[in-house]
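**Student:** My questions will all concern the structure given below.
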Amino acid sequence: MIRRESGQAAVELVALTPVLALAVLVFAQLALAFRAELAAERAAGRAQAAVALGLPGMPAARDGAPAGTRVEVRSGELELDVPSGLPLPLPQLARVHLSRRLAS
């Protein structure tokens, strides 16, 4: 007796669709977190260059950072908190935190 398998591919596709969608979201979030990390590094570099030239580092870091970035300077330590843009599916990657020592 031969079994009919005409709908098996559709059932398998429906079963795999949520897994594939989650994989795409995770990959997108990793890419956005990497982009936020690069933006934070660039902003920190601008702040360090400004301090080396005798200028205030905080405005330079703000100018080089994306919108929504929290910039703080505490006792010579620059702290950047950059949003990555996608809070789900990995909430720990929703923001990238970077801390750099500014030259005195």
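Residues are referred to by chain and number: the chain letter is A, B, ... according to the order shown in the structure tokens, the number counts from 1 in that chain, and ligands are numbered separately from 1 in the order shown.
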Would you pick out the contacts of Ala49 in chain A at 12 Å or less, using only C-alpha atoms, so that residues sharing its chain but fewer than 2 positions from it are not included, and give the list as a list in words?

**Tutor:** Arg42, Ala43, Ala44, Gly45, Arg46, Ala47, Val51, Ala52, Leu53, Gly54, Leu55, Pro56, Gly57, Met58, Pro59, Ala60, Ala61, Gly64, Arg101, Leu102, Ala103 and Ser104 of chain A

**Student:** Could you save the residues just selected, with N, CA, C and O atoms, as an mmCIF file, in the first residue's frame?

**Tutor:**
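Dumped to out_13.cif:
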```cif
data_model
loop_
_atom_site.group_PDB
_atom_site.id
_atom_site.type_symbol
_atom_site.label_atom_id
_atom_site.label_comp_id
_atom_site.auth_asym_id
_atom_site.auth_seq_id
_atom_site.Cartn_x
_atom_site.Cartn_y
_atom_site.Cartn_z
ATOM 1 N N ARG A 42 33.108 54.566 17.981
ATOM 2 C CA ARG A 42 33.396 55.803 17.246
ATOM 3 C C ARG A 42 33.174 57.028 18.129
ATOM 4 O O ARG A 42 33.989 57.949 18.157
ATOM 5 N N ALA A 43 32.075 57.038 18.893
ATOM 6 C CA ALA A 43 31.784 58.165 19.778
ATOM 7 C C ALA A 43 32.838 58.272 20.881
ATOM 8 O O ALA A 43 33.271 59.377 21.227
ATOM 9 N N ALA A 44 33.264 57.145 21.419
ATOM 10 C CA ALA A 44 34.307 57.164 22.453
ATOM 11 C C ALA A 44 35.623 57.670 21.879
ATOM 12 O O ALA A 44 36.343 58.430 22.537
ATOM 13 N N GLY A 45 35.934 57.288 20.664
ATOM 14 C CA GLY A 45 37.153 57.775 20.016
ATOM 15 C C GLY A 45 37.122 59.273 19.799
ATOM 16 O O GLY A 45 38.125 59.958 19.979
ATOM 17 N N ARG A 46 35.960 59.779 19.412
ATOM 18 C CA ARG A 46 35.826 61.231 19.237
ATOM 19 C C ARG A 46 36.012 61.959 20.562
ATOM 20 O O ARG A 46 36.647 63.016 20.627
ATOM 21 N N ALA A 47 35.450 61.393 21.635
ATOM 22 C CA ALA A 47 35.589 62.012 22.956
ATOM 23 C C ALA A 47 37.040 61.991 23.402
ATOM 24 O O ALA A 47 37.550 62.990 23.935
ATOM 25 N N VAL A 51 39.380 65.307 24.182
ATOM 26 C CA VAL A 51 40.070 65.518 25.465
ATOM 27 C C VAL A 51 41.568 65.687 25.234
ATOM 28 O O VAL A 51 42.214 66.511 25.884
ATOM 29 N N ALA A 52 42.131 64.935 24.303
ATOM 30 C CA ALA A 52 43.561 65.060 24.007
ATOM 31 C C ALA A 52 43.888 66.444 23.446
ATOM 32 O O ALA A 52 44.998 66.947 23.637
ATOM 33 N N LEU A 53 42.918 67.074 22.788
ATOM 34 C CA LEU A 53 43.115 68.420 22.247
ATOM 35 C C LEU A 53 42.741 69.509 23.244
ATOM 36 O O LEU A 53 42.810 70.695 22.935
ATOM 37 N N GLY A 54 42.317 69.110 24.441
ATOM 38 C CA GLY A 54 41.959 70.086 25.470
ATOM 39 C C GLY A 54 40.511 70.544 25.400
ATOM 40 O O GLY A 54 40.141 71.514 26.041
ATOM 41 N N LEU A 55 39.698 69.871 24.629
ATOM 42 C CA LEU A 55 38.275 70.210 24.502
ATOM 43 C C LEU A 55 37.454 69.273 25.388
ATOM 44 O O LEU A 55 37.912 68.195 25.757
ATOM 45 N N PRO A 56 36.224 69.667 25.710
ATOM 46 C CA PRO A 56 35.379 68.766 26.521
ATOM 47 C C PRO A 56 34.995 67.515 25.728
ATOM 48 O O PRO A 56 34.656 67.585 24.549
ATOM 49 N N GLY A 57 35.040 66.376 26.387
ATOM 50 C CA GLY A 57 34.778 65.110 25.714
ATOM 51 C C GLY A 57 33.310 64.766 25.574
ATOM 52 O O GLY A 57 32.912 64.093 24.624
ATOM 53 N N MET A 58 32.488 65.234 26.520
ATOM 54 C CA MET A 58 31.077 64.858 26.492
ATOM 55 C C MET A 58 30.351 65.360 25.239
ATOM 56 O O MET A 58 29.643 64.584 24.596
ATOM 57 N N PRO A 59 30.498 66.630 24.845
ATOM 58 C CA PRO A 59 29.823 67.067 23.610
ATOM 59 C C PRO A 59 30.330 66.327 22.368
ATOM 60 O O PRO A 59 29.553 66.022 21.469
ATOM 61 N N ALA A 60 31.604 66.021 22.340
ATOM 62 C CA ALA A 60 32.154 65.284 21.197
ATOM 63 C C ALA A 60 31.569 63.878 21.129
ATOM 64 O O ALA A 60 31.264 63.381 20.042
ATOM 65 N N ALA A 61 31.398 63.251 22.287
ATOM 66 C CA ALA A 61 30.804 61.908 22.308
ATOM 67 C C ALA A 61 29.348 61.960 21.873
ATOM 68 O O ALA A 61 28.888 61.101 21.127
ATOM 69 N N GLY A 64 29.047 62.299 18.104
ATOM 70 C CA GLY A 64 29.400 61.101 17.365
ATOM 71 C C GLY A 64 28.529 59.900 17.639
ATOM 72 O O GLY A 64 28.700 58.859 17.017
ATOM 73 N N ARG A 101 38.228 55.172 29.601
ATOM 74 C CA ARG A 101 38.943 56.147 30.432
ATOM 75 C C ARG A 101 39.374 57.302 29.553
ATOM 76 O O ARG A 101 39.974 57.088 28.490
ATOM 77 N N LEU A 102 39.069 58.506 29.970
ATOM 78 C CA LEU A 102 39.498 59.696 29.234
ATOM 79 C C LEU A 102 40.816 60.186 29.800
ATOM 80 O O LEU A 102 41.018 60.206 31.008
ATOM 81 N N ALA A 103 41.693 60.562 28.903
ATOM 82 C CA ALA A 103 43.000 61.078 29.337
ATOM 83 C C ALA A 103 42.820 62.380 30.097
ATOM 84 O O ALA A 103 41.981 63.202 29.746
ATOM 85 N N SER A 104 43.589 62.547 31.135
ATOM 86 C CA SER A 104 43.492 63.763 31.944
ATOM 87 C C SER A 104 44.547 64.764 31.541
ATOM 88 O O SER A 104 45.646 64.472 31.281
#
```

**Student:** If you count only C-alpha atoms, which residues fall within 9 Å of Arg100 in chain A, apart from same-chain ones fewer than 5 positions away, as a PyMOL selection string?

**Tutor:** chain A and resi 44+48+76-80

**Student:** Env of Gln92 in chain A: 12 Å cut, atoms = only C-alpha atoms, seq-sep filter 3 positions within chain, self excluded. Answer as a list in words.

**Tutor:**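 The contact residues come out as Val26, Gln29, Leu30, Ala33, Pro83, Ser84, Leu86, Pro87, Leu88, Pro89, Arg95, Val96 and His97 of chain A.
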
**Student:** Write the residues of the preceding selection, restricted to N, CA and C atoms, as a PDB file, in the first residue's frame.

**Tutor:**
```
ATOM      1  N   VAL A  26      16.962  36.897  15.498  1.00  0.00           N
ATOM      2  CA  VAL A  26      18.207  36.826  16.274  1.00  0.00           C
ATOM      3  C   VAL A  26      19.371  37.349  15.444  1.00  0.00           C
ATOM      4  N   GLN A  29      19.104  41.096  15.210  1.00  0.00           N
ATOM      5  CA  GLN A  29      19.471  41.749  16.461  1.00  0.00           C
ATOM      6  C   GLN A  29      20.980  41.734  16.677  1.00  0.00           C
ATOM      7  N   LEU A  30      21.624  40.647  16.340  1.00  0.00           N
ATOM      8  CA  LEU A  30      23.086  40.595  16.453  1.00  0.00           C
ATOM      9  C   LEU A  30      23.737  41.616  15.534  1.00  0.00           C
ATOM     10  N   ALA A  33      23.191  45.043  17.115  1.00  0.00           N
ATOM     11  CA  ALA A  33      24.048  45.207  18.293  1.00  0.00           C
ATOM     12  C   ALA A  33      25.491  45.474  17.877  1.00  0.00           C
ATOM     13  N   PRO A  83      21.425  52.471  22.264  1.00  0.00           N
ATOM     14  CA  PRO A  83      20.361  51.527  21.918  1.00  0.00           C
ATOM     15  C   PRO A  83      20.676  50.821  20.601  1.00  0.00           C
ATOM     16  N   SER A  84      20.374  49.529  20.536  1.00  0.00           N
ATOM     17  CA  SER A  84      20.650  48.797  19.297  1.00  0.00           C
ATOM     18  C   SER A  84      19.478  48.853  18.334  1.00  0.00           C
ATOM     19  N   LEU A  86      16.469  47.012  18.498  1.00  0.00           N
ATOM     20  CA  LEU A  86      15.558  45.872  18.470  1.00  0.00           C
ATOM     21  C   LEU A  86      15.583  45.185  19.832  1.00  0.00           C
ATOM     22  N   PRO A  87      14.537  45.389  20.666  1.00  0.00           N
ATOM     23  CA  PRO A  87      14.572  44.831  22.016  1.00  0.00           C
ATOM     24  C   PRO A  87      14.311  43.334  22.109  1.00  0.00           C
ATOM     25  N   LEU A  88      13.745  42.734  21.096  1.00  0.00           N
ATOM     26  CA  LEU A  88      13.447  41.306  21.131  1.00  0.00           C
ATOM     27  C   LEU A  88      14.174  40.611  20.005  1.00  0.00           C
ATOM     28  N   PRO A  89      14.499  39.385  20.057  1.00  0.00           N
ATOM     29  CA  PRO A  89      14.200  38.350  21.032  1.00  0.00           C
ATOM     30  C   PRO A  89      15.232  38.235  22.141  1.00  0.00           C
ATOM     31  N   ARG A  95      20.577  47.174  24.345  1.00  0.00           N
ATOM     32  CA  ARG A  95      21.456  48.330  24.542  1.00  0.00           C
ATOM     33  C   ARG A  95      22.891  47.835  24.664  1.00  0.00           C
ATOM     34  N   VAL A  96      23.797  48.618  24.139  1.00  0.00           N
ATOM     35  CA  VAL A  96      25.225  48.301  24.209  1.00  0.00           C
ATOM     36  C   VAL A  96      25.867  49.304  25.152  1.00  0.00           C
ATOM     37  N   HIS A  97      26.593  48.812  26.134  1.00  0.00           N
ATOM     38  CA  HIS A  97      27.255  49.681  27.108  1.00  0.00           C
ATOM     39  C   HIS A  97      28.755  49.675  26.846  1.00  0.00           C
TER      40      HIS A  97
END
```

**Student:** Might you pull out every residue within 12 Å of Ala31 in chain A, with only C-alpha atoms counted and same-chain residues fewer than 5 positions away left off, and present them as a list in words?

**Tutor:**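 The neighbour list is Val24, Leu25, Val26, Ala36, Glu37, Leu38, Ser84, Gly85, Leu86, Leu93 and Ala94 of chain A.
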
**Student:** CA of Arg35 in chain A to CA of Pro18 in chain A: how many Å, to one decimal?

**Tutor:**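 Those two atoms sit 25.7 Å apart.
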